[in-house]
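Written out below as structure tokens is the structure these notes cover.
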Amino acid sequence: MTPLGLYLHVPFCASKCPYCDFYSLRGRENDWDAYTDCIIERIKSYQDLRLPADTVYFGGGTPGLLGAKRLGRMLDAVREAFALAADAEVTVETNPGVGDESLFPGLAAAGVTRLSLGLQSANADELRQLGRIHTAEQAARAVELARRAGIGNVSLDLMIATPGQTRESLLRSVRFCAEAGASHISAYLLKIEPGTVFAKRRDALSLPDEDEVCALYEAACASLESLGYAQYEISNFARPGRESRHNLKYWRCEEYLGFGPAAHSFFRGRRFYFPRDLASFLAGGAPADDGPGGDFDEFAMLALRLAEGLREDSCLARFGHPIPQAVRRRAAPLEGAGYCRVTPEGVALTRAGFLVSNAVIGSLLA
Ligand code: SF4
């Protein structure tokens with residue numbers, strides 16, 4: 001079987017950012033040890049199967065808050081329960097300024113190979129508006145400390161279309177990431193999610209209009225490309241060979257297991273998830289079934305997020321048939337409008353298509 005990806009959710013943060021709707025709780029230090037034990041127990045429940053895995057991703061929340069010792073214990077449990085590949089990609093998400101100078105050497109010693117740092121902006125005023133509690137300098141220092149600890153594969157997160165952001169400030173943030181030595185950059189459009197503080201204050205935020213959002217996204221993509229970061233997904237850019245192997249599993253509709261509240265799984269053709277409820281997870285609550293997964297529409301919807309798009313060869317390998325003619329027929333007018341490219345190899349969205357990906361993908365798969 002194709003090796004699995006393993007996702008370990010850590011739902012704790014030092015503070016709650018006003019735009020964030022990830023499942024994360026502020027503080028809760030008293031729960032960190034019990035939470036670590038609980039994740040380990042869940043991992044152990046797979047040990048009789050000794051399934052192959054080749055990526056591990058600690059996401060959050062802010063996993064770095066738990067420290068190298070707790071994360072290392074979870075990783076040891078993964079190695080005991082799964083046949084983890086010797087060259088596995090092991091990523092830890094964290095934030096600049098989290099932990100002391102022993103964090104990265106400790107993570108490297110535990111087997112972490114990749115960091116994903118939430119920078120969001122290199123501009124102090126934008127960081128303040130986003131409720132971030134770190135500085136850009138702390139991010140640059142974190143990349144340097146990671147490199148010294150032997151973790152040279154570092155991704156930085158940026159946000160596009162944040163309150164008050166200008167083309168110049170965005171491009172400054174992009175250059176900052178490149179100069180800091182990021183091997184990978186995720187550049188997400190800010191989405192105002194219901195229930196967040198930003199959603200309540202929406203009218204008071206000075207947000208760019210639709211045309212400005214498009215211009216900002218295109219400027220960021222062009223700048224990233226000119227700095228040597230190839231776009232491989234709507235929001236993700238990497239130096240050659242530094243694409244996130246774990247996240248590629250999601251977009252290629254491969255199987256993975258998720259542990260922790262809000263963590264989703266796709267395993268043996270079924271999707272299931274743990275509810276967004278720490279207390280229920282700590283009490284041993286079971287995951288909820290989310291039905292079957294991996295049919296053609298789902299596979300195509302995910303593939304079309306990638307720059308490589310929906311490919312004939314992967315469609316044939318997975319389903320034993322080429323891309324349906326109906327999809328190619330629907331793609332023709334969208335290609336004429338500049339939203340996708342159609343070639344004998346497959347169908348892929350253009351950058352203009354990425355900006356309205358939900359609508360374009362919806363039309364292709366209608
Ligand atoms: S640090 Fe990340 S996960 Fe935590 S509240 Fe902020 S955006 Fe959300």
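Each chain of the structure tokens is named A, B, ... in the order shown, its residues numbered from 1; ligands are numbered from 1 in display order.
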Exercise. Got a sec: who's within 9 Å of Glu193 of chain A, counting only C-alpha atoms, leaving out chain neighbours fewer than 2 positions off, as a list in words?
Worked result: Tyr19, Cys20, Asp21, Lys191, Gly195, Thr196, Val197, Phe198 and Ala199 of chain A
Problem set entry | For Ala187 of chain A: contacts at 8 Å, only C-alpha atoms, fewer than 6 positions along chain excluded, given as a ChimeraX atom specification | /A:157-160,235-237
Exercise. What's the 6 Å shell around segment 162-165 of chain A, counting only C-alpha atoms, without same-chain residues fewer than 3 positions away, as a ChimeraX atom specification?
Worked result: /A:205-207
For this session: Step by step, measure atom-to-atom distances between ligand 1 and each residue using only C-alpha atoms and all ligand atoms, keep those at most 10 Å, then write them as a PyMOL selection string.
Result: chain A and resi 10-26+59-63+93-96+117-120+130-133
For this session: Could you find all residues in segment 50-80 of chain A that DSSP calls strand (DSSP E or B) from the backbone, and write them as a list in words?
Result: Pro52, Ala53, Asp54, Thr55, Val56, Tyr57, Phe58, Gly59 and Gly60 of chain A
Could you save the residues just selected, with N, CA and C atoms, as a compact mmCIF listing (two decimals), in the first residue's frame?
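What follows is the written file again-v4.txt:
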# COMPACT_ATOMS: atom_id res chain seq x y z
N PRO A 52 2.75 1.14 6.83
CA PRO A 52 3.84 2.02 6.39
C PRO A 52 3.40 3.49 6.39
N ALA A 53 4.29 4.38 6.78
CA ALA A 53 4.01 5.82 6.75
C ALA A 53 5.29 6.52 6.33
N ASP A 54 5.15 7.63 5.62
CA ASP A 54 6.38 8.35 5.24
C ASP A 54 6.32 9.86 5.45
N THR A 55 5.22 10.34 6.06
CA THR A 55 5.22 11.74 6.50
C THR A 55 4.50 11.82 7.85
N VAL A 56 4.99 12.74 8.67
CA VAL A 56 4.33 13.05 9.95
C VAL A 56 4.24 14.57 10.01
N TYR A 57 3.07 15.05 10.39
CA TYR A 57 2.88 16.51 10.42
C TYR A 57 2.23 16.90 11.74
N PHE A 58 2.96 17.65 12.57
CA PHE A 58 2.39 18.20 13.80
C PHE A 58 1.81 19.57 13.44
N GLY A 59 0.48 19.65 13.41
CA GLY A 59 -0.15 20.92 13.05
C GLY A 59 -0.99 21.45 14.19
N GLY A 60 -1.47 22.68 14.02
CA GLY A 60 -2.19 23.22 15.17
C GLY A 60 -3.18 24.30 14.83
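The shell of residues at most 10 Å from segment 275-281 of chain A, with only C-alpha atoms counted and near chain neighbours (fewer than 2 positions) removed, consists of Pro11, Phe22, Tyr23, Ser24, Leu25, Asp31, Tyr35, Cys38, Ile39, Arg42, Phe259, Gly260, Pro261, Ala262, Ala263, His264, Phe272, Tyr273, Ala283, Gly284, Gly285, Ala286, Pro287 and Ala288 of chain A.
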For this session: Write down as an MDAnalysis selection string the residues belonging to segment 190-355 of chain A that are assigned helix (DSSP H, G or I) by DSSP computed on the backbone.
Result: chainID A and resid 197:200 202:204 210:226 245:251 278:282 296:303 312:319 325:336 351:355
Would you export the selected residues with C-alpha atoms as a tab-separated table (two decimals), in the first residue's frame, please?
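Written file, again-v4.tsv:
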chain	number	residue	atom	x	y	z
A	197	VAL	CA	-13.30	38.30	15.97
A	198	PHE	CA	-12.56	39.61	12.45
A	199	ALA	CA	-16.03	38.53	11.31
A	200	LYS	CA	-17.59	40.61	14.09
A	202	ARG	CA	-15.52	43.16	9.51
A	203	ASP	CA	-16.89	46.64	8.75
A	204	ALA	CA	-14.17	48.30	10.80
A	210	GLU	CA	-11.99	42.11	-4.98
A	211	ASP	CA	-9.86	43.72	-7.70
A	212	GLU	CA	-7.22	44.66	-5.16
A	213	VAL	CA	-7.19	41.11	-3.77
A	214	CYS	CA	-6.57	39.73	-7.29
A	215	ALA	CA	-3.78	42.25	-7.89
A	216	LEU	CA	-2.13	41.41	-4.55
A	217	TYR	CA	-2.28	37.66	-5.20
A	218	GLU	CA	-0.86	38.01	-8.70
A	219	ALA	CA	1.91	40.33	-7.49
A	220	ALA	CA	2.86	37.88	-4.72
A	221	CYS	CA	2.89	34.91	-7.14
A	222	ALA	CA	5.05	36.79	-9.67
A	223	SER	CA	7.47	37.95	-6.99
A	224	LEU	CA	7.77	34.47	-5.46
A	225	GLU	CA	8.42	33.00	-8.88
A	226	SER	CA	11.11	35.58	-9.66
A	245	ARG	CA	5.30	15.87	0.84
A	246	HIS	CA	2.65	15.62	3.55
A	247	ASN	CA	0.30	18.21	2.07
A	248	LEU	CA	0.78	16.73	-1.41
A	249	LYS	CA	-0.85	13.56	-0.04
A	250	TYR	CA	-4.05	15.55	0.65
A	251	TRP	CA	-4.12	17.08	-2.82
A	278	LEU	CA	-10.70	18.68	23.60
A	279	ALA	CA	-12.64	17.33	26.60
A	280	SER	CA	-14.27	14.60	24.53
A	281	PHE	CA	-10.90	13.65	22.98
A	282	LEU	CA	-9.25	13.47	26.42
A	296	PHE	CA	-13.43	10.69	-9.11
A	297	ASP	CA	-15.02	14.06	-8.30
A	298	GLU	CA	-13.13	14.35	-5.03
A	299	PHE	CA	-9.88	13.25	-6.65
A	300	ALA	CA	-10.34	15.79	-9.47
A	301	MET	CA	-11.38	18.61	-7.13
A	302	LEU	CA	-8.20	18.17	-5.09
A	303	ALA	CA	-5.92	17.65	-8.11
A	312	GLU	CA	-4.43	11.83	-17.67
A	313	ASP	CA	-1.75	9.47	-16.30
A	314	SER	CA	-2.80	9.80	-12.65
A	315	CYS	CA	-6.47	9.47	-13.61
A	316	LEU	CA	-5.72	6.28	-15.57
A	317	ALA	CA	-3.58	4.87	-12.76
A	318	ARG	CA	-6.24	5.55	-10.15
A	319	PHE	CA	-9.51	4.80	-11.94
A	325	GLN	CA	-14.81	13.75	-22.11
A	326	ALA	CA	-17.49	15.77	-20.28
A	327	VAL	CA	-14.76	17.42	-18.18
A	328	ARG	CA	-12.72	18.28	-21.29
A	329	ARG	CA	-15.88	19.65	-22.96
A	330	ARG	CA	-16.67	21.88	-19.99
A	331	ALA	CA	-13.04	23.01	-19.88
A	332	ALA	CA	-13.10	24.46	-23.43
A	333	PRO	CA	-14.98	27.72	-22.66
A	334	LEU	CA	-13.08	28.13	-19.39
A	335	GLU	CA	-9.82	27.85	-21.33
A	336	GLY	CA	-11.09	30.51	-23.73
A	351	ARG	CA	-3.38	31.71	-11.99
A	352	ALA	CA	-6.56	33.59	-12.95
A	353	GLY	CA	-8.38	30.30	-12.42
A	354	PHE	CA	-6.78	29.81	-9.01
A	355	LEU	CA	-8.28	33.13	-7.90
Problem set entry | Interatomic distance (Å, one decimal) between atom CA of Tyr188 of chain A and atom CA of Val347 of chain A |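 If I compute the distance from atom CA of Tyr188 of chain A to atom CA of Val347 of chain A, I get 23.2 Å.
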For this session: Considering only C-alpha atoms, return as a PyMOL selection string whatever protein or nucleic-acid residues lie within 7 Å of segment 73-83 of chain A, sequence-local ones (same chain, fewer than 6 positions apart) excluded.
Result: chain A and resi 36+40+43-44+46-47+50-53
Output the selection as a tab-separated table (two decimals), in the first residue's frame - C-alpha atoms for each residue.
chain	number	residue	atom	x	y	z
A	36	THR	CA	0.43	13.98	24.87
A	40	ILE	CA	0.18	8.34	22.20
A	43	ILE	CA	-1.32	6.08	17.93
A	44	LYS	CA	-0.72	2.80	19.75
A	46	TYR	CA	-2.72	1.01	15.24
A	47	GLN	CA	0.40	-0.84	16.34
A	50	ARG	CA	2.42	-1.82	11.49
A	51	LEU	CA	1.23	0.27	8.54
A	52	PRO	CA	3.84	2.02	6.39
A	53	ALA	CA	4.01	5.82	6.75
For this session: Compile the contact shell of Gly241 of chain A as a list in words: residues with an atom at most 12 Å away, counting only C-alpha atoms, same-chain residues fewer than 4 positions apart removed.
Result: Asn153, Ser183, His184, Gly228, Tyr229, Ala230, Tyr232, Phe237 and Arg245 of chain A
I need the chosen residues saved as a compact mmCIF listing (two decimals), in the first residue's frame, with C-alpha atoms.
# COMPACT_ATOMS: atom_id res chain seq x y z
CA ASN A 153 13.93 22.89 5.39
CA SER A 183 12.79 26.80 1.38
CA HIS A 184 8.99 26.92 1.09
CA GLY A 228 12.96 31.01 -7.28
CA TYR A 229 9.82 29.65 -5.57
CA ALA A 230 7.76 27.62 -8.02
CA TYR A 232 2.83 24.02 -7.03
CA PHE A 237 5.45 27.78 -3.41
CA ARG A 245 5.30 15.87 0.84
